[in-house]
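Below is the file coords.csv, which contains CSV, C-alpha atoms.
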chain,number,residue,atom,x,y,z
A,12,MET,CA,1.5,19.2,2.0
A,13,GLN,CA,3.7,16.3,3.0
A,14,ALA,CA,3.0,12.7,4.0
A,15,LYS,CA,5.1,10.2,5.8
A,16,VAL,CA,4.3,6.6,5.2
A,17,TYR,CA,5.4,3.6,7.3
A,18,VAL,CA,5.1,0.2,5.6
A,19,THR,CA,5.7,-2.9,7.8
A,20,LEU,CA,5.4,-6.6,7.3
A,21,LYS,CA,2.3,-8.0,9.0
A,22,LYS,CA,2.8,-10.1,12.1
A,23,GLY,CA,3.6,-13.7,11.2
A,24,VAL,CA,5.2,-12.8,7.9
A,25,HIS,CA,8.8,-14.0,7.7
A,26,ASP,CA,11.3,-11.2,7.5
A,27,PRO,CA,14.6,-12.5,6.2
A,28,GLN,CA,16.1,-9.0,5.9
A,29,GLY,CA,15.4,-8.4,9.6
A,30,GLU,CA,16.8,-11.8,10.5
A,31,ALA,CA,20.0,-11.1,8.6
A,32,VAL,CA,20.4,-7.8,10.5
A,33,ARG,CA,19.8,-9.6,13.9
A,34,HIS,CA,22.3,-12.3,13.1
A,35,THR,CA,24.9,-9.7,12.0
A,36,LEU,CA,24.3,-7.7,15.2
A,37,ALA,CA,24.7,-10.9,17.3
A,38,ALA,CA,28.0,-11.6,15.5
A,39,MET,CA,29.1,-8.0,16.4
A,40,GLY,CA,28.4,-8.8,20.1
A,41,HIS,CA,25.0,-7.3,20.5
A,42,LYS,CA,23.3,-10.0,22.4
A,43,ASP,CA,20.9,-7.4,23.7
A,44,VAL,CA,19.1,-7.2,20.4
A,45,ALA,CA,16.2,-9.7,20.6
A,46,GLY,CA,14.5,-9.1,17.2
A,47,VAL,CA,14.6,-6.8,14.2
A,48,ARG,CA,11.9,-6.1,11.6
A,49,VAL,CA,12.7,-4.1,8.5
A,50,GLY,CA,10.1,-1.9,6.8
A,51,LYS,CA,10.0,1.1,4.5
A,52,TYR,CA,9.7,4.8,5.3
A,53,ILE,CA,8.5,6.9,2.5
A,54,GLU,CA,8.2,10.7,2.3
A,55,VAL,CA,5.7,12.0,-0.2
A,56,ALA,CA,5.4,15.7,-1.2
A,57,LEU,CA,1.9,16.5,-2.4
A,58,SER,CA,0.5,19.5,-4.3
A,59,ASP,CA,-3.0,18.8,-2.9
A,60,LYS,CA,-4.5,21.9,-1.3
A,61,THR,CA,-6.7,20.4,1.4
A,62,HIS,CA,-6.2,17.7,4.1
A,63,GLU,CA,-9.1,15.8,2.6
A,64,GLU,CA,-7.6,15.7,-0.9
A,65,ALA,CA,-4.2,14.6,0.5
A,66,GLU,CA,-5.9,11.9,2.6
A,67,ALA,CA,-7.7,10.5,-0.5
A,68,THR,CA,-4.5,10.6,-2.5
A,69,MET,CA,-2.5,8.8,0.2
A,70,LYS,CA,-5.0,6.1,0.8
A,71,GLU,CA,-5.1,5.3,-2.9
A,72,ILE,CA,-1.3,5.3,-3.6
A,73,CYS,CA,-0.7,3.2,-0.4
A,74,GLU,CA,-3.2,0.6,-1.4
A,75,LYS,CA,-2.2,0.5,-5.1
A,76,LEU,CA,1.5,1.0,-5.1
A,77,LEU,CA,3.4,1.6,-1.8
A,78,ALA,CA,2.2,-1.4,0.2
A,79,ASN,CA,1.5,-5.0,-0.8
A,80,THR,CA,-1.5,-5.3,1.5
A,81,VAL,CA,-1.4,-9.1,1.3
A,82,ILE,CA,1.7,-9.2,3.5
A,83,GLU,CA,2.3,-5.6,4.5
A,84,SER,CA,0.5,-3.0,6.7
A,85,TYR,CA,0.8,0.7,6.3
A,86,ARG,CA,0.1,3.9,8.1
A,87,TYR,CA,0.6,7.5,7.2
A,88,GLU,CA,0.7,11.0,8.7
A,89,ILE,CA,-0.1,14.1,6.7
A,90,SER,CA,1.2,17.5,7.7
B,6,MET,CA,12.3,-2.1,25.3
B,7,GLN,CA,11.6,-1.3,21.7
B,8,ALA,CA,13.3,1.2,19.3
B,9,LYS,CA,12.0,2.5,16.0
B,10,VAL,CA,14.6,3.7,13.6
B,11,TYR,CA,14.1,5.9,10.6
B,12,VAL,CA,16.9,6.0,8.0
B,13,THR,CA,16.6,8.6,5.2
B,14,LEU,CA,18.9,9.7,2.4
B,15,LYS,CA,20.6,13.0,3.1
B,16,LYS,CA,19.4,16.1,1.2
B,17,GLY,CA,21.1,16.3,-2.2
B,18,VAL,CA,21.7,12.5,-2.4
B,19,HIS,CA,20.0,11.2,-5.6
B,20,ASP,CA,17.2,8.8,-4.8
B,21,PRO,CA,16.5,6.6,-7.9
B,22,GLN,CA,14.0,4.4,-6.0
B,23,GLY,CA,11.9,7.5,-5.0
B,24,GLU,CA,12.1,8.8,-8.6
B,25,ALA,CA,10.9,5.5,-9.9
B,26,VAL,CA,7.9,5.6,-7.5
B,27,ARG,CA,7.1,9.2,-8.5
B,28,HIS,CA,7.2,8.3,-12.2
B,29,THR,CA,5.0,5.3,-11.7
B,30,LEU,CA,2.5,7.5,-9.8
B,31,ALA,CA,2.5,10.1,-12.5
B,32,ALA,CA,1.8,7.3,-15.1
B,33,MET,CA,-1.1,6.2,-12.9
B,34,GLY,CA,-2.5,9.8,-13.1
B,35,HIS,CA,-1.3,11.2,-9.8
B,36,LYS,CA,0.0,14.5,-10.9
B,37,ASP,CA,-0.5,15.8,-7.4
B,38,VAL,CA,2.6,13.9,-6.2
B,39,ALA,CA,5.5,16.3,-6.4
B,40,GLY,CA,8.2,14.2,-5.0
B,41,VAL,CA,9.0,10.9,-3.3
B,42,ARG,CA,11.9,9.9,-1.1
B,43,VAL,CA,12.3,6.3,0.0
B,44,GLY,CA,14.0,5.4,3.3
B,45,LYS,CA,14.0,2.5,5.8
B,46,TYR,CA,11.9,2.0,8.9
B,47,ILE,CA,13.4,-0.6,11.4
B,48,GLU,CA,11.9,-1.9,14.6
B,49,VAL,CA,14.4,-3.3,17.1
B,50,ALA,CA,13.4,-5.3,20.2
B,51,LEU,CA,15.9,-4.8,22.9
B,52,SER,CA,16.6,-6.8,26.1
B,53,ASP,CA,18.3,-3.7,27.6
B,54,LYS,CA,16.9,-2.9,31.0
B,55,THR,CA,17.4,0.9,31.2
B,56,HIS,CA,16.7,3.7,28.8
B,57,GLU,CA,20.4,4.7,29.0
B,58,GLU,CA,21.6,1.2,27.9
B,59,ALA,CA,19.1,1.1,25.1
B,60,GLU,CA,20.2,4.6,24.0
B,61,ALA,CA,23.9,3.4,23.9
B,62,THR,CA,23.0,0.2,22.0
B,63,MET,CA,20.9,2.1,19.4
B,64,LYS,CA,23.5,4.8,18.7
B,65,GLU,CA,26.1,2.1,18.2
B,66,ILE,CA,24.1,-0.2,15.9
B,67,CYS,CA,22.8,2.8,13.8
B,68,GLU,CA,26.3,4.2,13.3
B,69,LYS,CA,27.9,0.8,12.6
B,70,LEU,CA,25.2,-1.1,10.7
B,71,LEU,CA,21.8,0.3,10.1
B,72,ALA,CA,22.7,3.6,8.4
B,73,ASN,CA,25.5,4.5,6.0
B,74,THR,CA,26.2,7.9,7.5
B,75,VAL,CA,28.1,9.1,4.5
B,76,ILE,CA,24.8,9.4,2.5
B,77,GLU,CA,22.1,8.6,5.1
B,78,SER,CA,20.7,10.3,8.2
B,79,TYR,CA,19.0,8.4,11.0
B,80,ARG,CA,16.9,9.1,14.0
B,81,TYR,CA,15.4,6.7,16.6
B,82,GLU,CA,12.7,6.6,19.3
B,83,ILE,CA,13.0,4.3,22.3
B,84,SER,CA,9.9,3.2,24.1

The structure given in the file should be rewritten as structure tokens.
Amino acid sequence: MQAKVYVTLKKGVHDPQGEAVRHTLAAMGHKDVAGVRVGKYIEVALSDKTHEEAEATMKEICEKLLANTVIESYRYEIS
Amino acid sequence: MQAKVYVTLKKGVHDPQGEAVRHTLAAMGHKDVAGVRVGKYIEVALSDKTHEEAEATMKEICEKLLANTVIESYRYEIS
């Protein structure tokens, strides 16, 4: 099975990387870009046999390793 | 309008960050994780009025800034 994980900074958390991208785009002439937020996209290949096992694995590894839940949100899709 | 951009390393490009995550997960007991690839997820807020304008903006900023097309692939969704 495969999981796709999206990790984003929570609303209100300052995103210097996104700000740097926005400033660079403005300097390149892209005044049409109003805001940029940069997060992580992670693909995980799983040997779990069932959707339930994969769900349990993903919840645990997201909480423990992939996301810092103090400042980041995550969601995942299993297929 | 808003765009969501997914940037991933092309197949065959070595991903040391993903390998580090996989090793850490194995050390944590997650033998069910067979592979990890780490990419970027970027949310872009656009002041473009039409889907066509947003499409043109996104194609340009992905090619010029957000992805290194030598080693990375990208896709985006505009909504």

Write out the coordinates of chain A as a compact mmCIF listing (two decimals) with C-alpha atoms, in the frame of the given file after a least-squares overlay onto chain B built on all ordered Cα pairs.
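Final output, saved to selection.txt:
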# COMPACT_ATOMS: atom_id res chain seq x y z
CA MET A 12 12.32 -2.11 25.34
CA GLN A 13 11.69 -1.30 21.71
CA ALA A 14 13.25 1.15 19.25
CA LYS A 15 12.01 2.51 16.01
CA VAL A 16 14.60 3.72 13.61
CA TYR A 17 14.06 5.98 10.56
CA VAL A 18 16.89 6.00 8.01
CA THR A 19 16.66 8.61 5.19
CA LEU A 20 18.91 9.71 2.41
CA LYS A 21 20.56 13.05 3.16
CA LYS A 22 19.38 16.06 1.21
CA GLY A 23 21.11 16.28 -2.16
CA VAL A 24 21.63 12.55 -2.43
CA HIS A 25 20.01 11.11 -5.55
CA ASP A 26 17.19 8.74 -4.81
CA PRO A 27 16.46 6.61 -7.84
CA GLN A 28 14.01 4.38 -5.95
CA GLY A 29 11.96 7.45 -5.01
CA GLU A 30 12.14 8.75 -8.57
CA ALA A 31 10.88 5.45 -9.94
CA VAL A 32 7.92 5.57 -7.53
CA ARG A 33 7.12 9.24 -8.58
CA HIS A 34 7.28 8.40 -12.24
CA THR A 35 5.03 5.33 -11.73
CA LEU A 36 2.54 7.44 -9.74
CA ALA A 37 2.55 10.10 -12.53
CA ALA A 38 1.84 7.35 -15.08
CA MET A 39 -1.12 6.23 -12.85
CA GLY A 40 -2.51 9.82 -13.04
CA HIS A 41 -1.28 11.21 -9.80
CA LYS A 42 -0.04 14.52 -10.92
CA ASP A 43 -0.51 15.75 -7.39
CA VAL A 44 2.53 13.90 -6.18
CA ALA A 45 5.47 16.35 -6.44
CA GLY A 46 8.31 14.22 -4.97
CA VAL A 47 8.95 10.93 -3.21
CA ARG A 48 11.92 9.87 -1.06
CA VAL A 49 12.31 6.28 0.04
CA GLY A 50 13.95 5.35 3.34
CA LYS A 51 13.97 2.46 5.78
CA TYR A 52 11.92 1.89 8.93
CA ILE A 53 13.37 -0.54 11.30
CA GLU A 54 11.88 -1.95 14.52
CA VAL A 55 14.37 -3.24 17.04
CA ALA A 56 13.40 -5.25 20.17
CA LEU A 57 15.99 -4.84 22.90
CA SER A 58 16.60 -6.79 26.12
CA ASP A 59 18.35 -3.75 27.67
CA LYS A 60 16.88 -2.89 31.07
CA THR A 61 17.39 0.87 31.21
CA HIS A 62 16.73 3.78 28.78
CA GLU A 63 20.40 4.65 28.98
CA GLU A 64 21.58 1.17 27.97
CA ALA A 65 19.08 1.08 25.06
CA GLU A 66 20.20 4.55 23.94
CA ALA A 67 23.88 3.44 23.88
CA THR A 68 22.97 0.28 22.02
CA MET A 69 20.92 2.15 19.40
CA LYS A 70 23.46 4.81 18.75
CA GLU A 71 26.12 2.18 18.13
CA ILE A 72 24.10 -0.18 15.85
CA CYS A 73 22.79 2.86 13.84
CA GLU A 74 26.24 4.20 13.25
CA LYS A 75 27.86 0.80 12.53
CA LEU A 76 25.24 -1.14 10.71
CA LEU A 77 21.75 0.38 10.08
CA ALA A 78 22.76 3.64 8.42
CA ASN A 79 25.52 4.49 5.95
CA THR A 80 26.21 7.87 7.53
CA VAL A 81 28.08 9.05 4.43
CA ILE A 82 24.81 9.37 2.51
CA GLU A 83 22.11 8.57 5.04
CA SER A 84 20.71 10.24 8.22
CA TYR A 85 19.00 8.42 11.00
CA ARG A 86 16.85 9.03 13.99
CA TYR A 87 15.35 6.75 16.56
CA GLU A 88 12.72 6.63 19.32
CA ILE A 89 12.96 4.27 22.26
CA SER A 90 9.91 3.21 24.21

Who sits within 10 Å of Arg86 of chain A, all atoms listed in the file, same chain under 6 positions skipped, as a list in words
Lys15, Val16, Tyr17, Val18, Thr19, Met69, Lys70, Cys73 and Ala78 of chain A

Rounded to one decimal, what separation in Å do you get between atom CA of Thr62 of chain B and atom CA of Gly17 of chain B?
29.1 Å

With 7 Å as the limit and counting only C-alpha atoms, what residues in chain B lie close to chain A? Please list them as a list in words.
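Output check: Tyr11, Asp37, Val38, Ala39, Gly40, Val41, Arg42, Val43, Gly44, Lys45, Tyr46, Ile47, Glu48, Val49, Ala50, Leu51, Ser52 and Asp53 of chain B.
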
How many Å separate atom CA of Ala31 of chain A from atom CA of Glu82 of chain B?
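Atom CA of Glu82 of chain B lies 21.9 Å from atom CA of Ala31 of chain A.
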
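Atom pair atom CA of Ser84 of chain A / atom CA of Ser78 of chain B has a distance of 24.2 Å (rounded to one decimal).
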
Which residues are close to His19 of chain B, i.e. within 10 Å by only C-alpha atoms, leaving aside same-chain residues fewer than 5 positions away? Reply as an MDAnalysis selection string.
chainID B and resid 14 24 42 76

Limited to C-alpha atoms, could you put the picked residues into a file as a PDB file, in the frame of the given file?
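Contents of part-v6.pdb, freshly written:
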ATOM      1  CA  LEU B  14      18.900   9.700   2.400  1.00  0.00           C
ATOM      2  CA  GLU B  24      12.100   8.800  -8.600  1.00  0.00           C
ATOM      3  CA  ARG B  42      11.900   9.900  -1.100  1.00  0.00           C
ATOM      4  CA  ILE B  76      24.800   9.400   2.500  1.00  0.00           C
TER       5      ILE B  76
END
